[in-house]
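Next comes query_2.txt, with compact mmCIF, N, CA, C and O atoms and all ligand atoms.
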```
# COMPACT_ATOMS: atom_id res chain seq x y z
N MET A 1 0.86 -1.20 0.00
CA MET A 1 0.00 0.00 0.00
C MET A 1 0.89 1.25 0.00
O MET A 1 1.81 1.36 0.79
N TYR A 2 0.64 2.16 -0.89
CA TYR A 2 1.45 3.35 -0.96
C TYR A 2 0.59 4.60 -0.84
O TYR A 2 -0.40 4.75 -1.55
N PHE A 3 0.97 5.46 0.07
CA PHE A 3 0.29 6.73 0.19
C PHE A 3 1.28 7.85 -0.07
O PHE A 3 2.39 7.82 0.42
N MET A 4 0.86 8.81 -0.84
CA MET A 4 1.72 9.93 -1.18
C MET A 4 2.28 10.59 0.08
O MET A 4 1.53 10.97 0.96
N GLY A 5 3.60 10.70 0.14
CA GLY A 5 4.22 11.42 1.24
C GLY A 5 4.40 10.57 2.48
O GLY A 5 5.03 11.02 3.43
N VAL A 6 3.90 9.39 2.49
CA VAL A 6 4.06 8.53 3.66
C VAL A 6 5.02 7.39 3.33
O VAL A 6 4.96 6.81 2.27
N ILE A 7 5.89 7.12 4.24
CA ILE A 7 6.98 6.18 4.02
C ILE A 7 6.59 4.76 4.37
O ILE A 7 5.91 4.52 5.35
N SER A 8 7.05 3.84 3.56
CA SER A 8 6.86 2.44 3.91
C SER A 8 7.75 2.12 5.10
O SER A 8 8.78 2.74 5.31
N LYS A 9 7.36 1.15 5.87
CA LYS A 9 8.07 0.82 7.10
C LYS A 9 9.52 0.44 6.83
O LYS A 9 9.82 -0.25 5.85
N GLY A 10 10.41 0.90 7.66
CA GLY A 10 11.81 0.51 7.54
C GLY A 10 12.70 1.57 6.95
O GLY A 10 13.90 1.50 7.11
N ALA A 11 12.13 2.58 6.28
CA ALA A 11 12.96 3.63 5.71
C ALA A 11 13.53 4.50 6.82
O ALA A 11 12.84 4.81 7.79
N LYS A 12 14.78 4.88 6.65
CA LYS A 12 15.43 5.70 7.67
C LYS A 12 15.56 7.14 7.19
O LYS A 12 15.59 7.41 5.99
N CYS A 13 15.67 8.04 8.15
CA CYS A 13 15.85 9.45 7.86
C CYS A 13 17.12 9.66 7.03
O CYS A 13 18.15 9.05 7.30
N ASN A 14 17.02 10.48 6.01
CA ASN A 14 18.16 10.72 5.12
C ASN A 14 19.05 11.87 5.57
O ASN A 14 20.04 12.19 4.92
N VAL A 15 18.68 12.53 6.66
CA VAL A 15 19.50 13.64 7.13
C VAL A 15 20.85 13.11 7.60
O VAL A 15 20.92 12.08 8.28
N ASP A 16 21.90 13.80 7.20
CA ASP A 16 23.25 13.39 7.53
C ASP A 16 23.42 13.19 9.03
O ASP A 16 23.13 14.08 9.82
N GLY A 17 23.83 12.00 9.43
CA GLY A 17 24.08 11.71 10.83
C GLY A 17 22.86 11.26 11.61
O GLY A 17 22.95 10.99 12.79
N CYS A 18 21.71 11.18 10.96
CA CYS A 18 20.48 10.77 11.64
C CYS A 18 20.08 9.38 11.16
O CYS A 18 20.05 9.12 9.97
N ASP A 19 19.76 8.49 12.11
CA ASP A 19 19.35 7.14 11.70
C ASP A 19 17.99 6.76 12.29
O ASP A 19 17.70 5.61 12.54
N LYS A 20 17.17 7.77 12.51
CA LYS A 20 15.83 7.51 13.03
C LYS A 20 14.90 7.02 11.92
O LYS A 20 15.20 7.18 10.74
N ASP A 21 13.79 6.45 12.33
CA ASP A 21 12.82 5.97 11.35
C ASP A 21 12.22 7.13 10.57
O ASP A 21 11.88 8.16 11.13
N GLY A 22 12.08 6.93 9.28
CA GLY A 22 11.51 7.96 8.44
C GLY A 22 10.02 8.14 8.69
O GLY A 22 9.30 7.18 8.96
N ALA A 23 9.55 9.37 8.61
CA ALA A 23 8.14 9.65 8.79
C ALA A 23 7.53 10.21 7.51
O ALA A 23 6.39 9.93 7.17
N ARG A 24 8.33 10.98 6.78
CA ARG A 24 7.82 11.63 5.58
C ARG A 24 8.83 11.59 4.46
O ARG A 24 10.04 11.60 4.69
N SER A 25 8.33 11.60 3.26
CA SER A 25 9.17 11.69 2.07
C SER A 25 8.95 13.05 1.44
O SER A 25 7.84 13.42 1.10
N ILE A 26 10.05 13.80 1.33
CA ILE A 26 9.95 15.18 0.85
C ILE A 26 10.89 15.36 -0.33
O ILE A 26 11.96 14.76 -0.38
N ASN A 27 10.50 16.20 -1.26
CA ASN A 27 11.36 16.55 -2.38
C ASN A 27 12.72 17.01 -1.86
O ASN A 27 12.81 17.91 -1.03
N THR A 28 13.79 16.38 -2.38
CA THR A 28 15.13 16.65 -1.86
C THR A 28 15.51 18.12 -1.98
O THR A 28 16.11 18.69 -1.07
N THR A 29 15.15 18.74 -3.07
CA THR A 29 15.46 20.16 -3.25
C THR A 29 14.83 21.01 -2.16
O THR A 29 15.46 21.91 -1.61
N LYS A 30 13.59 20.70 -1.84
CA LYS A 30 12.90 21.45 -0.79
C LYS A 30 13.58 21.26 0.55
O LYS A 30 13.69 22.19 1.35
N VAL A 31 14.02 20.02 0.79
CA VAL A 31 14.69 19.72 2.06
C VAL A 31 15.98 20.52 2.16
O VAL A 31 16.29 21.13 3.19
N GLU A 32 16.72 20.56 1.06
CA GLU A 32 17.98 21.31 1.06
C GLU A 32 17.72 22.80 1.21
O GLU A 32 18.48 23.51 1.84
N ASN A 33 16.64 23.26 0.61
CA ASN A 33 16.28 24.67 0.75
C ASN A 33 15.94 25.02 2.19
O ASN A 33 15.99 26.17 2.58
N ALA A 34 15.55 24.02 2.96
CA ALA A 34 15.23 24.23 4.37
C ALA A 34 16.48 24.06 5.24
O ALA A 34 16.38 23.91 6.45
N ASN A 35 17.63 24.07 4.60
CA ASN A 35 18.92 23.99 5.30
C ASN A 35 19.15 22.67 6.02
O ASN A 35 19.86 22.62 7.01
N LEU A 36 18.53 21.60 5.52
CA LEU A 36 18.79 20.28 6.08
C LEU A 36 19.72 19.55 5.12
O LEU A 36 19.46 19.48 3.92
N ARG A 37 20.80 19.01 5.67
CA ARG A 37 21.76 18.29 4.83
C ARG A 37 21.35 16.83 4.74
O ARG A 37 21.32 16.12 5.75
N VAL A 38 21.02 16.37 3.55
CA VAL A 38 20.60 14.98 3.38
C VAL A 38 21.62 14.20 2.56
O VAL A 38 22.31 14.77 1.71
N THR A 39 21.70 12.91 2.83
CA THR A 39 22.66 12.07 2.13
C THR A 39 22.04 11.42 0.91
O THR A 39 22.72 10.78 0.13
N SER A 40 20.75 11.57 0.73
CA SER A 40 20.08 10.94 -0.40
C SER A 40 20.42 11.67 -1.69
O SER A 40 20.64 12.88 -1.69
N VAL A 41 20.45 10.92 -2.78
CA VAL A 41 20.75 11.53 -4.07
C VAL A 41 19.52 11.50 -4.99
O VAL A 41 19.55 12.02 -6.08
N GLY A 42 18.45 10.89 -4.50
CA GLY A 42 17.24 10.80 -5.30
C GLY A 42 16.43 12.08 -5.25
O GLY A 42 16.81 13.05 -4.60
N LYS A 43 15.31 12.06 -5.95
CA LYS A 43 14.44 13.23 -5.98
C LYS A 43 13.77 13.45 -4.64
O LYS A 43 13.40 14.56 -4.29
N LYS A 44 13.58 12.33 -3.93
CA LYS A 44 12.88 12.41 -2.64
C LYS A 44 13.82 12.06 -1.50
O LYS A 44 14.68 11.19 -1.64
N SER A 45 13.62 12.73 -0.39
CA SER A 45 14.38 12.42 0.81
C SER A 45 13.43 12.01 1.91
O SER A 45 12.31 12.50 1.99
N VAL A 46 13.91 11.11 2.74
CA VAL A 46 13.11 10.63 3.86
C VAL A 46 13.51 11.42 5.11
O VAL A 46 14.68 11.57 5.40
N LEU A 47 12.51 11.93 5.81
CA LEU A 47 12.78 12.66 7.05
C LEU A 47 12.08 11.97 8.21
O LEU A 47 10.96 11.50 8.08
N CYS A 48 12.76 11.94 9.35
CA CYS A 48 12.12 11.43 10.56
C CYS A 48 11.18 12.52 11.09
O CYS A 48 11.15 13.63 10.57
N LYS A 49 10.43 12.20 12.11
CA LYS A 49 9.47 13.16 12.66
C LYS A 49 10.14 14.47 13.06
O LYS A 49 9.66 15.55 12.79
N GLU A 50 11.28 14.33 13.74
CA GLU A 50 11.95 15.53 14.24
C GLU A 50 12.46 16.41 13.11
O GLU A 50 12.33 17.63 13.15
N HIS A 51 13.07 15.78 12.12
CA HIS A 51 13.59 16.57 11.02
C HIS A 51 12.47 17.10 10.14
O HIS A 51 12.62 18.14 9.50
N TYR A 52 11.36 16.37 10.11
CA TYR A 52 10.21 16.88 9.37
C TYR A 52 9.68 18.14 10.03
O TYR A 52 9.31 19.11 9.37
N LYS A 53 9.67 18.12 11.36
CA LYS A 53 9.27 19.32 12.11
C LYS A 53 10.19 20.49 11.77
O LYS A 53 9.75 21.61 11.55
N GLU A 54 11.49 20.17 11.79
CA GLU A 54 12.49 21.19 11.48
C GLU A 54 12.27 21.72 10.05
O GLU A 54 12.35 22.91 9.80
N TYR A 55 12.02 20.76 9.15
CA TYR A 55 11.78 21.13 7.76
C TYR A 55 10.57 22.06 7.64
O TYR A 55 10.61 23.06 6.95
N LYS A 56 9.51 21.71 8.35
CA LYS A 56 8.29 22.53 8.27
C LYS A 56 8.54 23.93 8.81
O LYS A 56 8.06 24.91 8.27
N LYS A 57 9.31 23.97 9.90
CA LYS A 57 9.63 25.25 10.52
C LYS A 57 10.41 26.12 9.53
O LYS A 57 10.12 27.29 9.36
N GLU A 58 11.42 25.50 8.91
CA GLU A 58 12.28 26.25 7.98
C GLU A 58 11.53 26.62 6.71
O GLU A 58 11.68 27.71 6.19
N SER A 59 10.75 25.66 6.19
CA SER A 59 10.12 25.89 4.90
C SER A 59 8.93 26.84 4.99
O SER A 59 8.47 27.35 4.00
N LYS A 60 8.46 27.05 6.21
CA LYS A 60 7.36 28.00 6.38
C LYS A 60 7.77 29.39 5.90
O LYS A 60 7.03 30.07 5.22
N GLU A 61 9.02 29.75 6.22
CA GLU A 61 9.51 31.05 5.79
C GLU A 61 9.64 31.10 4.28
O GLU A 61 9.33 32.11 3.66
N ASP A 62 10.11 29.97 3.70
CA ASP A 62 10.22 29.92 2.25
C ASP A 62 8.85 30.09 1.60
O ASP A 62 8.71 30.79 0.62
N ARG A 63 7.87 29.41 2.20
CA ARG A 63 6.53 29.48 1.63
C ARG A 63 6.01 30.89 1.67
O ARG A 63 5.40 31.36 0.72
N ASP A 64 6.27 31.57 2.77
CA ASP A 64 5.82 32.94 2.87
C ASP A 64 6.48 33.80 1.82
O ASP A 64 5.86 34.65 1.19
N LEU A 65 7.78 33.57 1.61
CA LEU A 65 8.51 34.31 0.59
C LEU A 65 7.94 34.03 -0.79
O LEU A 65 7.72 34.93 -1.58
N GLU A 66 7.72 32.72 -1.04
CA GLU A 66 7.19 32.33 -2.34
C GLU A 66 5.83 32.95 -2.58
O GLU A 66 5.54 33.43 -3.66
N ARG A 67 5.03 32.93 -1.55
CA ARG A 67 3.68 33.47 -1.70
C ARG A 67 3.77 34.94 -2.05
O ARG A 67 3.06 35.44 -2.92
N ALA A 68 4.69 35.63 -1.39
CA ALA A 68 4.85 37.05 -1.66
C ALA A 68 5.35 37.27 -3.09
O ALA A 68 4.91 38.17 -3.78
N ARG A 69 6.30 36.39 -3.48
CA ARG A 69 6.91 36.54 -4.79
C ARG A 69 5.90 36.28 -5.91
O ARG A 69 5.94 36.92 -6.95
N PHE A 70 5.02 35.31 -5.70
CA PHE A 70 4.12 34.91 -6.78
C PHE A 70 2.71 35.50 -6.62
O PHE A 70 1.83 35.19 -7.37
N ASP A 71 2.57 36.31 -5.60
CA ASP A 71 1.25 36.90 -5.39
C ASP A 71 1.01 37.99 -6.43
O ASP A 71 1.64 39.04 -6.41
N LYS A 72 0.09 37.74 -7.32
CA LYS A 72 -0.16 38.69 -8.39
C LYS A 72 -1.39 39.54 -8.13
O LYS A 72 -1.76 40.38 -8.94
N PHE A 73 -2.04 39.28 -7.00
CA PHE A 73 -3.30 39.99 -6.80
C PHE A 73 -3.14 41.19 -5.90
O PHE A 73 -2.49 41.21 -4.94
ZN ZN B 1 16.20 12.69 11.16
```
I need this file expressed as structure tokens, please.
Amino acid sequence: MYFMGVISKGAKCNVDGCDKDGARSINTTKVENANLRVTSVGKKSVLCKEHYKEYKKESKEDRDLERARFDKF
């Protein structure tokens, strides 16, 4: 069974130096943009709960910037 953004059991966090169980699969570019160093070379990176929290915290600012940048109204 595959659900978008949800990791199959057994995947580990791709953040450098972290070996916790993965919770989410995120686009690697987005993860790097959130200042998280990942060891994965694929399009998607696996993040554990803690790093996903960190990612969300960091990417929130990016999202705000993007929204401002692309806001045409
Ligand atoms: Zn992690």
- List as a list in words: which residues have an atom within 7 Å of (21.5, 11.1, 2.3), counting only C-alpha atoms? Asn14, Val15, Asp16, Val38, Thr39, Ser40 and Val41 of chain A
- Item | Within 8 Å of ligand ZN 1 (chain B) (all atoms listed in the file), residues as an NGL selection string | :A and (12-23 or 46-52)
- Item | Nearest residue to Asn27 (chain A) from the set A:Ala11, A:Lys44, A:Ser59, A:Lys53 (distances using all atoms listed in the file) |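 Using all atoms listed in the file, the shortest distance to Asn27 (chain A) belongs to A:Lys44.
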- Could you tell me how far CA of Gly42 (chain A) lies from atom O of Lys60 (chain A), in Å and to one decimal?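 Atom-to-atom, CA of Gly42 (chain A) to atom O of Lys60 (chain A), that is 24.2 Å.
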- Distance of CA of Glu58 (chain A) from atom C of Thr28 (chain A), expressed in Å to one decimal place: 13.3 Å
- CA of Lys43 (chain A) to CA of Tyr55 (chain A), straight-line distance in Å: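 That distance, rounded to one decimal, is 16.1 Å.
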Where atoms are missing, can you supply all heavy atoms for region 31-42 of chain A and output the lot as a compact mmCIF listing (two decimals), in the frame of the given file?
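As written to disk, selection-v8.txt reads:
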```
# COMPACT_ATOMS: atom_id res chain seq x y z
N VAL A 31 14.02 20.02 0.79
CA VAL A 31 14.69 19.72 2.06
C VAL A 31 15.98 20.52 2.16
O VAL A 31 16.29 21.13 3.19
CB VAL A 31 14.98 18.21 2.18
CG1 VAL A 31 15.81 17.92 3.41
CG2 VAL A 31 13.69 17.43 2.22
N GLU A 32 16.72 20.56 1.06
CA GLU A 32 17.98 21.31 1.06
C GLU A 32 17.72 22.80 1.21
O GLU A 32 18.48 23.51 1.84
CB GLU A 32 18.77 21.01 -0.21
CG GLU A 32 19.43 19.63 -0.13
CD GLU A 32 20.03 19.19 -1.45
OE1 GLU A 32 19.70 19.78 -2.49
OE2 GLU A 32 20.82 18.23 -1.42
N ASN A 33 16.64 23.26 0.61
CA ASN A 33 16.28 24.67 0.75
C ASN A 33 15.94 25.02 2.19
O ASN A 33 15.99 26.17 2.58
CB ASN A 33 15.09 25.01 -0.16
CG ASN A 33 15.51 25.10 -1.61
OD1 ASN A 33 16.70 25.20 -1.91
ND2 ASN A 33 14.55 25.06 -2.50
N ALA A 34 15.55 24.02 2.96
CA ALA A 34 15.23 24.23 4.37
C ALA A 34 16.48 24.06 5.24
O ALA A 34 16.38 23.91 6.45
CB ALA A 34 14.14 23.27 4.81
N ASN A 35 17.63 24.07 4.60
CA ASN A 35 18.92 23.99 5.30
C ASN A 35 19.15 22.67 6.02
O ASN A 35 19.86 22.62 7.01
CB ASN A 35 19.07 25.15 6.30
CG ASN A 35 19.07 26.49 5.60
OD1 ASN A 35 19.67 26.65 4.53
ND2 ASN A 35 18.40 27.46 6.17
N LEU A 36 18.53 21.60 5.52
CA LEU A 36 18.79 20.28 6.08
C LEU A 36 19.72 19.55 5.12
O LEU A 36 19.46 19.48 3.92
CB LEU A 36 17.49 19.50 6.26
CG LEU A 36 16.57 20.02 7.36
CD1 LEU A 36 15.23 19.33 7.29
CD2 LEU A 36 17.19 19.79 8.72
N ARG A 37 20.80 19.01 5.67
CA ARG A 37 21.76 18.29 4.83
C ARG A 37 21.35 16.83 4.74
O ARG A 37 21.32 16.12 5.75
CB ARG A 37 23.16 18.40 5.43
CG ARG A 37 24.25 17.85 4.55
CD ARG A 37 25.54 17.83 5.30
NE ARG A 37 25.99 19.18 5.61
CZ ARG A 37 26.85 19.86 4.84
NH1 ARG A 37 27.35 19.32 3.78
NH2 ARG A 37 27.22 21.07 5.18
N VAL A 38 21.02 16.37 3.55
CA VAL A 38 20.60 14.98 3.38
C VAL A 38 21.62 14.20 2.56
O VAL A 38 22.31 14.77 1.71
CB VAL A 38 19.21 14.88 2.71
CG1 VAL A 38 18.12 15.27 3.68
CG2 VAL A 38 19.15 15.72 1.46
N THR A 39 21.70 12.91 2.83
CA THR A 39 22.66 12.07 2.13
C THR A 39 22.04 11.42 0.91
O THR A 39 22.72 10.78 0.13
CB THR A 39 23.18 10.96 3.07
OG1 THR A 39 22.06 10.27 3.62
CG2 THR A 39 23.99 11.56 4.20
N SER A 40 20.75 11.57 0.73
CA SER A 40 20.08 10.94 -0.40
C SER A 40 20.42 11.67 -1.69
O SER A 40 20.64 12.88 -1.69
CB SER A 40 18.56 10.94 -0.19
OG SER A 40 18.09 12.26 -0.13
N VAL A 41 20.45 10.92 -2.78
CA VAL A 41 20.75 11.53 -4.07
C VAL A 41 19.52 11.50 -4.99
O VAL A 41 19.55 12.02 -6.08
CB VAL A 41 21.93 10.82 -4.78
CG1 VAL A 41 23.22 11.14 -4.07
CG2 VAL A 41 21.69 9.33 -4.85
N GLY A 42 18.45 10.89 -4.50
CA GLY A 42 17.24 10.80 -5.30
C GLY A 42 16.43 12.08 -5.25
O GLY A 42 16.81 13.05 -4.60
```
